Every structure is written in C-alpha cells, then in structure tokens.
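Read the structure below first, then the notes.
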Amino acid sequence: MKKFIVGNFKMNTTLHEFAKYLDEFLPLIKDCKNVVALSIPYTHLMLASQKLVATNVVYGSQNISTEEKGAYTGEISNLMVKDLGAYFTLVGHSEIRKKFRETNEQINQKIIRALSVNLKCILCIGETRTERNSNKTKMVLKKQLEVALKGLYENELKNIIIAYEPVWAIGTGKMPTVKEIEKTVEDIRQIIMDMFSQNSAEKICVIYGGSVNQNNCTNLLKIKNINGLLVGGACLDAKEFSNIVK
Ligand code: 13P
C-alpha cells in the first residue's frame, strides 16, 4: 500500500532556495510510488502551483485562519490557500499550539474551514514529555481528537490525516520506541472507533512525526497501522528527503 510521506518545511527557505530545492528533489523521486507532500510557507505556494503541476508531489500550507475573510491582519484564509492549488493544510502543529496558544477549539474551526473548500487536513496531535511520563498520553490525544474533530460527519474523515507527533520528539533526536508508537497508534484508532466506527478507525490515515530521518524511516514504516511519516528537519535536504521517500 502507498505510504503518505510529508515534508514540513516550517519557517525555512527563501523562494529562491525552494526553487533550487525542487530542481534537485523532483528528478530524484520521479518514479516513486508513495504519495509525496510538501508543507511549505505561504510565500511558496504560487511557485509550487507552477513547478509541481504534472508531478507526483502535492503541496499544502502549514496553517490557515479560523476565519474566511475580513479584518484579520496577518492571517491567511482557507480560500487563499485553496486558490493556489493546495491539496491540504497542516493544523494543530505543536509549535503553533505552544507559541500562539492555539486551542483544540480553534483547531476544530480551522478543520471545518479547510474541509468547506475541499482542502484536506493533516491534524497534528501529541503529548509532552511530562504527559507521557505521567501516563497521560492517551487522555491527551483523546481530548485533542474529540475537540478537533467535533461536528464532523464520518464521511469527512477521508479528508483527515492524523499526524502523531510527540512534542518531545520534535527536533530532539529522541522518539518513542517502535512498540510505544505502535501502542499509541492503536490508541488513536480506538479513539476514532469510539467517536465514529470500526470502519473509520481502520481506514483513517495515521502518520508518525518527530525526529524522522533516512536512518530510522524504514523501521518506522514497518510499524503496524502506520500509513506514513511527517518529516521536519530531514526534509530540508533534498537528497535525504528523497531517500526517505524512496
Ligand atoms: P523534526 O523531524 O525536525 O523532528 O520535526 C518534526 C515536525 O515537527 C514535523 O512537523
């Protein structure tokens, strides 16, 4: 089955650097059967719409506003992102949850906005180190999922990708063991089953993120019930990211 491999650029690369990156990256992965997705800065969406047409790479934004239009200085809406051909948006990344105090309720609004214009959502969830140490991982993920997915119809879940990213694994070189990830992904599917159905729990796409690189990706992709990876730092090197994708 095809894997969903996402590179999250975060706040990295100028437009010129991104163009050079694509020139190197695209030939390296052109025969790859996996789904490749780039989560890029808003300023790069227009270029992506030109350079990624007729390639096997989709692209999207790293966030959208809770609002559709109006007096919201500095915000970017669902429609603006969709207008530039984005396939998805990331929502609920822990860096935004933390730095901008984004709430699960706001994430829910963003998801509803995204789905209303046919943008898929990569919903990031994950526990902090303290929460894991005090055995609260499942409880935290349950709250994040229950609020973020509130009010969604079951048939909308096909447009949701759940990215399990333990906060303490992001950019640290640390990560849970394979067994721990497997157990957490099982928990996530169980929560989806309780909220929706067994069928949805089996079908929903769940990917893992946090310190993924070209050396650990193969083992991570062997984990039962994992449908792909969300890669941060390691996606910035075109050669390394192409190795992960392959
Ligand atoms: P790193 O791969 O750099 O740990 O980042 C993960 C991440 O936050 C992707 O969204």
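Just remember, in the structure tokens the first chain shown is A, the second B, etc., residues are 1-based per chain, and ligands are 1-based in the order shown.
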- Enumerate residues in contact with ligand 1: an atom-to-atom distance of at most 10 Å, counting only C-alpha atoms and all ligand atoms. Format the result as a VMD selection string. chain A and resid 6 to 10 39 62 90 92 to 95 122 124 163 to 175 208 to 213 229 to 236
- Item | DSSP-assigned alpha helix (DSSP H) members of segment 119-194 of chain A, reported as a ChimeraX atom specification | /A:129-133,137-148,178-194
- Task: Going by DSSP on the backbone, which bits of segment 6-233 of chain A are strand (DSSP E or B)? Write them as a PyMOL selection string, please.
- Result: chain A and resi 6-8+35-39+57-61+88-91+120-125+160-164+205-209+228-231
Pull C-alpha atoms from the residues just selected and write them as a PDB file, in the first residue's frame.
```
ATOM      1  CA  VAL A   6       5.067  14.624   4.175  1.00  0.00           C
ATOM      2  CA  GLY A   7       7.897  17.139   4.457  1.00  0.00           C
ATOM      3  CA  ASN A   8       7.198  20.090   6.724  1.00  0.00           C
ATOM      4  CA  VAL A  35       2.418   9.942  -2.074  1.00  0.00           C
ATOM      5  CA  VAL A  36       4.813  12.832  -1.501  1.00  0.00           C
ATOM      6  CA  ALA A  37       3.535  16.006   0.119  1.00  0.00           C
ATOM      7  CA  LEU A  38       5.303  19.281   0.886  1.00  0.00           C
ATOM      8  CA  SER A  39       4.033  21.512   3.647  1.00  0.00           C
ATOM      9  CA  VAL A  57       4.125  15.732  -5.462  1.00  0.00           C
ATOM     10  CA  VAL A  58       1.259  17.525  -3.745  1.00  0.00           C
ATOM     11  CA  TYR A  59       1.664  20.597  -1.576  1.00  0.00           C
ATOM     12  CA  GLY A  60      -0.108  22.481   1.132  1.00  0.00           C
ATOM     13  CA  SER A  61       0.174  25.135   3.820  1.00  0.00           C
ATOM     14  CA  PHE A  88      -4.015  20.131   2.179  1.00  0.00           C
ATOM     15  CA  THR A  89      -3.206  22.246   5.179  1.00  0.00           C
ATOM     16  CA  LEU A  90      -1.496  21.221   8.373  1.00  0.00           C
ATOM     17  CA  VAL A  91      -3.475  22.081  11.501  1.00  0.00           C
ATOM     18  CA  LYS A 120      -7.515  18.000   3.277  1.00  0.00           C
ATOM     19  CA  CYS A 121      -6.239  18.408   6.836  1.00  0.00           C
ATOM     20  CA  ILE A 122      -3.168  16.914   8.408  1.00  0.00           C
ATOM     21  CA  LEU A 123      -4.148  17.139  12.051  1.00  0.00           C
ATOM     22  CA  CYS A 124      -1.135  17.093  14.368  1.00  0.00           C
ATOM     23  CA  ILE A 125      -1.587  15.690  17.843  1.00  0.00           C
ATOM     24  CA  ILE A 160      -8.318  13.938   7.557  1.00  0.00           C
ATOM     25  CA  ILE A 161      -4.826  12.602   8.123  1.00  0.00           C
ATOM     26  CA  ILE A 162      -3.809  12.224  11.752  1.00  0.00           C
ATOM     27  CA  ALA A 163      -0.153  13.002  12.403  1.00  0.00           C
ATOM     28  CA  TYR A 164       1.005  11.629  15.724  1.00  0.00           C
ATOM     29  CA  CYS A 205      -4.686   7.601   7.662  1.00  0.00           C
ATOM     30  CA  VAL A 206      -2.309   7.857  10.640  1.00  0.00           C
ATOM     31  CA  ILE A 207       1.271   9.015  10.173  1.00  0.00           C
ATOM     32  CA  TYR A 208       4.165   9.479  12.596  1.00  0.00           C
ATOM     33  CA  GLY A 209       6.368  12.566  13.023  1.00  0.00           C
ATOM     34  CA  GLY A 228       3.263   7.367   6.512  1.00  0.00           C
ATOM     35  CA  LEU A 229       5.630   9.910   8.020  1.00  0.00           C
ATOM     36  CA  LEU A 230       5.767  13.625   8.759  1.00  0.00           C
ATOM     37  CA  VAL A 231       9.341  14.813   8.399  1.00  0.00           C
TER      38      VAL A 231
END
```
- Note on the structure: What separates atom CA of Ser242 of chain A and atom CA of Phe25 of chain A is a distance of 6.6 Å
- Task: Find the spatial neighbours of Asp83 of chain A, counting only C-alpha atoms, within a cut-off of 12 Å - ignore same-chain residues fewer than 5 positions away - and output them as number ranges by chain.
- Result: A: 42, 45-46, 49, 60-61, 76-78, 88, 117-119
Using N, CA, C and O atoms, can you write the selected residues to a file as a CSV table (one decimal), in the first residue's frame?
```csv
chain,number,residue,atom,x,y,z
A,42,TYR,N,3.6,29.9,3.1
A,42,TYR,CA,2.6,30.5,2.2
A,42,TYR,C,3.2,31.2,1.0
A,42,TYR,O,2.7,31.1,-0.1
A,45,LEU,N,3.6,29.0,-2.2
A,45,LEU,CA,2.5,28.2,-2.8
A,45,LEU,C,2.4,28.5,-4.3
A,45,LEU,O,2.1,27.6,-5.0
A,46,MET,N,2.5,29.8,-4.6
A,46,MET,CA,2.4,30.1,-6.1
A,46,MET,C,3.4,29.4,-6.9
A,46,MET,O,3.1,28.8,-8.0
A,49,SER,N,2.6,25.8,-7.3
A,49,SER,CA,1.5,25.6,-8.2
A,49,SER,C,2.0,25.5,-9.6
A,49,SER,O,1.5,24.9,-10.5
A,60,GLY,N,0.9,21.8,0.3
A,60,GLY,CA,-0.1,22.5,1.1
A,60,GLY,C,0.5,23.5,2.1
A,60,GLY,O,1.8,23.7,2.1
A,61,SER,N,-0.3,24.1,2.9
A,61,SER,CA,0.2,25.1,3.8
A,61,SER,C,0.4,24.5,5.2
A,61,SER,O,0.0,23.4,5.5
A,76,ILE,N,-4.1,34.2,6.9
A,76,ILE,CA,-4.3,33.6,5.5
A,76,ILE,C,-5.5,32.7,5.6
A,76,ILE,O,-5.5,31.8,6.5
A,77,SER,N,-6.4,32.8,4.7
A,77,SER,CA,-7.6,32.0,4.8
A,77,SER,C,-7.6,30.7,4.0
A,77,SER,O,-6.7,30.5,3.1
A,78,ASN,N,-8.5,29.8,4.3
A,78,ASN,CA,-8.7,28.6,3.5
A,78,ASN,C,-8.8,28.8,2.0
A,78,ASN,O,-8.2,28.1,1.2
A,88,PHE,N,-3.8,20.3,0.8
A,88,PHE,CA,-4.0,20.1,2.2
A,88,PHE,C,-3.5,21.3,3.0
A,88,PHE,O,-2.8,22.2,2.4
A,117,VAL,N,-13.7,24.0,1.8
A,117,VAL,CA,-13.2,24.3,0.5
A,117,VAL,C,-12.4,23.2,-0.1
A,117,VAL,O,-11.6,23.3,-1.0
A,118,ASN,N,-12.7,22.0,0.4
A,118,ASN,CA,-12.1,20.7,-0.1
A,118,ASN,C,-10.6,20.7,0.0
A,118,ASN,O,-9.8,20.2,-0.8
A,119,LEU,N,-10.1,21.3,1.1
A,119,LEU,CA,-8.7,21.1,1.5
A,119,LEU,C,-8.6,20.0,2.5
A,119,LEU,O,-9.4,19.9,3.5
```
- Please provide as a list in words all residues within 7 Å of Thr137 of chain A, with the sequence filter that same-chain residues fewer than 5 positions apart are discarded (counting only C-alpha atoms). Glu127, Glu131 and Arg132 of chain A
- Message: With only C-alpha atoms as the counted atoms, please give the residues lying no more than 8 Å from Gln109 of chain A, apart from itself and same-chain residues fewer than 4 positions off, as a list of chain:residue names.
- Response: A:Thr66, A:Glu105, A:Arg113, A:Ala148
- Message: Using only C-alpha atoms, which protein or nucleic acid residues come within 9 Å of segment 18-21 of chain A? Drop anything in the same chain fewer than 3 positions from it, and give the result as a ChimeraX atom specification.
- Response: /A:12-15,24-26,44,47-48,51,236-238
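Among the candidates A:Val53, A:Val185, A:Leu220, A:Leu141, the residue lying nearest to Ile5 of chain A is A:Leu220 (atoms considered: only C-alpha atoms).
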